[in-house]
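Enquirer: Let me give you the structure first, and then I'll get to my questions.
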Amino acid sequence: MWRNSLSFSSKLAHSNSGSSLLGLFRTSPKPSYHGLLGRSNSTNPQPMSAADPVKWSDAGPEIVNLGSASAADLSSLAASSMLRAKDVADLAKHYGRCYWELSKARLSMLVVATSGTGFILGSGSSVDYLGLCCTCAGTMMVAASANSLNQVFEVNNDAKMKRTRHRPLPSGRLTVPHAITWASSVGVAGTALLACEANMLAAGLAASNLFLYAFVYTPLKQIHPVNTWVGAIVGAIPPLLGWAAASGEISLNGMVLPAALYFWQLPHFMALAYLCRQDYADGGFRMFSLADASGQRTASVALRNCLYLLPLGYIAYDWGITSGWFCVESTLLALAISCTAASFYRNRTAKTARRMFHASLLYLPVFMSGLLVHRQFDSEQSMPVEKSNKFVELLPSLESGLDDLEHIPQRKYKRDVIGAQARPPVAYASVAPFPFLPAPAYVSS
């Protein structure tokens, strides 16, 4: 009996525990889901009954699938963000490459190098590095603007030439209004930077050079061969701009590097024009080499301007800009490029023209480096002035000593003074190179 009652009670307890669990599930509130999870629940229109254990067990994987769907959406969102960032990076890379080519960045950096060299030469012993950086940045922007406008005006000509047809404008990677906007922006910004951080003289030279290159030299290339000489003037202005930015004036000493740039550009461009004669003819440019079938006149112009480079080292030394070593080095450098020009004059072939072109590429950086290495500082040039000032400070003591000699008999005074003098007193007052110093008082007496 007890065994039967125990088995009955165990069965009853077992049934009660099951019913209590079912009651717990039945009385528990149904959770509400929002957003993506709620939308996933809405796909199951049939109500879920706790009395149906099969359906309840089927709902378990349904909830797990909801979590996996959310993770998939998050991963797709991250992937789309990455694609969008990649598109932005590709767009920036595209426009950066277009602006680089439109500005002729390597040529512009050469212009910046000449301007920076002129700034250092005009600074003397103390260089304002902040002013140097601002001058180089302003020169870079103005040069980029000039080169961009040059390509805007020559877009049809560039499309006909092999070496220029892949530029941004002929290839259609940029539109002409876009290029004009870019050129105007950087040109105004560069000129304003030079005006604010350097001086108005440097800003005026930059604006004048921009106008001369874009609106005089560029259309002249299609009109007359004199465009090469006008372009040489354009290339000679940047070092003068740097000198003016540092010193605030244009002096005779600041003309050595611009003269070198002017004479250097003619053999450089003559070699390039000879090598690209057919390309220039296809583009419609009237270069000097096109009217010279034999190339003799082109070679003679190159050789003549190479010879003009010979005295520049001596002039820089004679004017006190550099030491005597630069005179020797500059002369040897000019002789080297003159030899290549003479070889081109004797044998006018593409090989000799290319050799002269490469020699011109080597000449300019070596010449500017020599100017910077051997330049004379203001402290070295002002040593005679300091010695003269010390002598002028000693003049009052000399005059007081002479006043004490008035009490000495005249005959003894003349014997002692004349015998002690090895040279006339005026020689002490005329300390070269300052002959304008006043003579001592006792000389006039």
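Just so we're on the same page: first chain in the structure tokens is A, next is B, and so on; residues restart at 1 for each chain, and ligands are numbered from 1 in the order they show up.
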Near Phe357 in chain A, counting only C-alpha atoms, which residues have an atom at most 7 Å away, once you skip same-chain residues fewer than 3 positions from it, shown as number ranges by chain?

Expert: A: 268, 271-272, 353-354, 360-361

Enquirer: Take the selection from the previous step and output its residues with C-alpha atoms, as an mmCIF file, in the first residue's frame.

Expert:
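This is the output file selection04.cif:
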data_model
loop_
_atom_site.group_PDB
_atom_site.id
_atom_site.type_symbol
_atom_site.label_atom_id
_atom_site.label_comp_id
_atom_site.auth_asym_id
_atom_site.auth_seq_id
_atom_site.Cartn_x
_atom_site.Cartn_y
_atom_site.Cartn_z
ATOM 1 C CA HIS A 268 68.868 74.144 -72.463
ATOM 2 C CA ALA A 271 68.690 71.361 -77.203
ATOM 3 C CA LEU A 272 65.115 70.491 -76.265
ATOM 4 C CA ALA A 353 71.994 67.593 -78.600
ATOM 5 C CA ARG A 354 70.961 65.159 -75.865
ATOM 6 C CA SER A 360 72.572 71.788 -68.831
ATOM 7 C CA LEU A 361 70.592 69.770 -66.296
#

Enquirer: Using only C-alpha atoms, which residues sit within 12 Å of Lys104 in chain A once same-chain residues fewer than 3 positions away are excluded, as a ChimeraX atom specification?

Expert: /A:97-101,107-111,140-151,164,167-168

Enquirer: Enumerate, in order of chain and increasing residue number, the residues of range 241-347 of chain A with an atom no farther than 9 Å from range 129-138 of chain A, each with its shortest atom pair and distance in Å to one decimal, counting only C-alpha atoms, as CSV.

Expert:
residue,atom,partner,partner_atom,distance
A:Leu241,CA,A:Thr135,CA,8.7
A:Gly242,CA,A:Thr135,CA,7.0
A:Ala245,CA,A:Thr135,CA,7.1
A:Ala246,CA,A:Gly131,CA,7.7

Enquirer: What is the CA of Glu329 in chain A-CA of Tyr314 in chain A distance in Å, reported with one decimal?

Expert: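 One can read the CA of Glu329 in chain A to CA of Tyr314 in chain A distance as 10.1 Å.
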
Enquirer: Of the candidates A:Gly370, A:Gly320, A:Pro238, A:Gly248, which shows the shortest atom-to-atom distance to Ser123 in chain A, using only C-alpha atoms?

Expert: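 Selected residue with least distance to Ser123 in chain A: A:Gly248.
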
Enquirer: Counting only C-alpha atoms, figure out which residue out of A:Leu257, A:Glu154, A:Thr322, A:Thr228 gets nearest to Ala273 in chain A.

Expert: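 Once distances to Ala273 in chain A are computed over only C-alpha atoms, the minimum belongs to A:Thr228.
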
Enquirer: As a CSV table (one decimal) with N, CA and C atoms, in the first residue's frame, please: all residues of range 128-179 of chain A that backbone DSSP puts in helix (DSSP H, G or I).

Expert:
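The resulting part.csv:
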chain,number,residue,atom,x,y,z
A,129,TYR,N,64.6,81.8,-41.7
A,129,TYR,CA,64.1,80.5,-42.2
A,129,TYR,C,62.6,80.5,-42.4
A,130,LEU,N,61.9,81.2,-41.5
A,130,LEU,CA,60.4,81.3,-41.7
A,130,LEU,C,60.1,82.1,-43.0
A,131,GLY,N,60.9,83.2,-43.2
A,131,GLY,CA,60.7,83.9,-44.4
A,131,GLY,C,61.1,83.2,-45.6
A,132,LEU,N,62.1,82.3,-45.5
A,132,LEU,CA,62.5,81.5,-46.6
A,132,LEU,C,61.4,80.5,-47.0
A,133,CYS,N,60.8,79.9,-46.0
A,133,CYS,CA,59.7,78.9,-46.2
A,133,CYS,C,58.5,79.6,-46.9
A,134,CYS,N,58.2,80.7,-46.4
A,134,CYS,CA,57.0,81.5,-46.9
A,134,CYS,C,57.3,81.9,-48.4
A,135,THR,N,58.6,82.3,-48.6
A,135,THR,CA,58.9,82.7,-50.0
A,135,THR,C,58.9,81.6,-51.0
A,136,CYS,N,59.4,80.4,-50.5
A,136,CYS,CA,59.3,79.2,-51.4
A,136,CYS,C,57.9,78.8,-51.6
A,137,ALA,N,57.1,78.8,-50.6
A,137,ALA,CA,55.7,78.4,-50.7
A,137,ALA,C,54.9,79.3,-51.7
A,138,GLY,N,55.1,80.6,-51.5
A,138,GLY,CA,54.5,81.6,-52.4
A,138,GLY,C,55.0,81.4,-53.8
A,139,THR,N,56.3,81.2,-54.0
A,139,THR,CA,56.8,81.0,-55.4
A,139,THR,C,56.2,79.8,-56.0
A,140,MET,N,56.1,78.7,-55.2
A,140,MET,CA,55.6,77.4,-55.7
A,140,MET,C,54.1,77.6,-56.2
A,141,MET,N,53.3,78.3,-55.4
A,141,MET,CA,51.9,78.5,-55.8
A,141,MET,C,51.8,79.4,-57.1
A,142,VAL,N,52.6,80.4,-57.2
A,142,VAL,CA,52.5,81.3,-58.3
A,142,VAL,C,53.0,80.5,-59.6
A,143,ALA,N,54.1,79.7,-59.4
A,143,ALA,CA,54.6,78.9,-60.6
A,143,ALA,C,53.6,77.9,-61.0
A,144,ALA,N,52.9,77.3,-60.0
A,144,ALA,CA,51.8,76.3,-60.4
A,144,ALA,C,50.7,77.0,-61.1
A,145,SER,N,50.3,78.2,-60.7
A,145,SER,CA,49.3,78.9,-61.4
A,145,SER,C,49.7,79.2,-62.8
A,146,ALA,N,50.9,79.7,-63.0
A,146,ALA,CA,51.4,80.0,-64.3
A,146,ALA,C,51.4,78.8,-65.3
A,147,ASN,N,51.9,77.7,-64.8
A,147,ASN,CA,51.9,76.5,-65.6
A,147,ASN,C,50.5,76.0,-65.9
A,148,SER,N,49.6,76.1,-64.9
A,148,SER,CA,48.2,75.7,-65.2
A,148,SER,C,47.6,76.5,-66.3
A,149,LEU,N,47.8,77.8,-66.2
A,149,LEU,CA,47.2,78.7,-67.2
A,149,LEU,C,47.8,78.4,-68.6
A,150,ASN,N,49.1,78.1,-68.6
A,150,ASN,CA,49.8,77.7,-69.8
A,150,ASN,C,49.1,76.5,-70.5
A,151,GLN,N,48.7,75.5,-69.7
A,151,GLN,CA,48.1,74.4,-70.3
A,151,GLN,C,46.6,74.7,-70.6
A,152,VAL,N,46.0,75.6,-70.0
A,152,VAL,CA,44.6,76.0,-70.3
A,152,VAL,C,44.6,76.6,-71.7
A,153,PHE,N,45.6,77.5,-72.0
A,153,PHE,CA,45.6,78.2,-73.3
A,153,PHE,C,46.1,77.3,-74.4
A,155,VAL,N,45.6,73.8,-74.7
A,155,VAL,CA,44.9,72.5,-74.6
A,155,VAL,C,44.8,71.9,-76.0
A,156,ASN,N,44.5,72.7,-77.0
A,156,ASN,CA,44.3,72.1,-78.3
A,156,ASN,C,45.7,71.8,-78.9
A,157,ASN,N,46.7,72.6,-78.6
A,157,ASN,CA,48.0,72.2,-79.1
A,157,ASN,C,48.6,71.0,-78.5
A,158,ASP,N,48.4,70.9,-77.1
A,158,ASP,CA,48.9,69.7,-76.4
A,158,ASP,C,48.2,68.4,-76.9
A,168,PRO,N,46.2,66.4,-68.1
A,168,PRO,CA,44.9,66.3,-67.6
A,168,PRO,C,43.8,66.9,-68.5
A,169,LEU,N,44.1,68.1,-69.2
A,169,LEU,CA,43.1,68.7,-70.0
A,169,LEU,C,42.9,68.0,-71.3
A,170,PRO,N,44.0,67.7,-72.1
A,170,PRO,CA,43.7,67.0,-73.4
A,170,PRO,C,43.1,65.7,-73.2
A,171,SER,N,43.5,65.0,-72.1
A,171,SER,CA,42.9,63.6,-71.9
A,171,SER,C,41.5,63.6,-71.3
A,176,VAL,N,38.2,72.5,-68.4
A,176,VAL,CA,38.9,73.8,-68.4
A,176,VAL,C,38.4,74.7,-67.3
A,177,PRO,N,37.1,74.8,-67.0
A,177,PRO,CA,36.7,75.7,-65.9
A,177,PRO,C,37.3,75.3,-64.6
A,178,HIS,N,37.4,73.9,-64.4
A,178,HIS,CA,38.1,73.5,-63.1
A,178,HIS,C,39.5,73.9,-63.1
A,179,ALA,N,40.3,73.8,-64.2
A,179,ALA,CA,41.7,74.2,-64.2
A,179,ALA,C,41.8,75.7,-64.0

Enquirer: Quick one: everything within 7 Å of Pro267 in chain A, counting only C-alpha atoms, minus sequence neighbours fewer than 6 positions away in the same chain. Send it as JSON, numbers by chain.

Expert: {"A": [302, 305, 306]}

Enquirer: Could you write those residues out with all heavy atoms, as a PDB file, in the first residue's frame?

Expert:
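That gives us selection.pdb:
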ATOM      1  N   ALA A 302      73.208  78.287 -78.902  1.00  0.00           N
ATOM      2  CA  ALA A 302      73.528  77.546 -77.680  1.00  0.00           C
ATOM      3  C   ALA A 302      74.980  77.742 -77.277  1.00  0.00           C
ATOM      4  O   ALA A 302      75.282  77.976 -76.093  1.00  0.00           O
ATOM      5  CB  ALA A 302      73.233  76.058 -77.900  1.00  0.00           C
ATOM      6  N   ASN A 305      75.711  81.401 -75.875  1.00  0.00           N
ATOM      7  CA  ASN A 305      75.225  81.654 -74.522  1.00  0.00           C
ATOM      8  C   ASN A 305      75.965  80.815 -73.477  1.00  0.00           C
ATOM      9  O   ASN A 305      76.034  81.220 -72.318  1.00  0.00           O
ATOM     10  CB  ASN A 305      73.724  81.382 -74.460  1.00  0.00           C
ATOM     11  CG  ASN A 305      72.913  82.487 -75.099  1.00  0.00           C
ATOM     12  OD1 ASN A 305      72.583  83.480 -74.465  1.00  0.00           O
ATOM     13  ND2 ASN A 305      72.598  82.337 -76.384  1.00  0.00           N
ATOM     14  N   CYS A 306      76.510  79.681 -73.869  1.00  0.00           N
ATOM     15  CA  CYS A 306      77.375  78.934 -72.947  1.00  0.00           C
ATOM     16  C   CYS A 306      78.650  79.715 -72.660  1.00  0.00           C
ATOM     17  O   CYS A 306      79.145  79.714 -71.522  1.00  0.00           O
ATOM     18  CB  CYS A 306      77.714  77.567 -73.533  1.00  0.00           C
ATOM     19  SG  CYS A 306      76.354  76.378 -73.482  1.00  0.00           S
TER      20      CYS A 306
END

Enquirer: Restricting the calculation to only C-alpha atoms: of A:Leu210, A:Leu261, A:Ser81, A:Ala316, which residue gets closest to His374 in chain A?

Expert: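 Counting only C-alpha atoms, the residue closest to His374 in chain A is A:Ala316.
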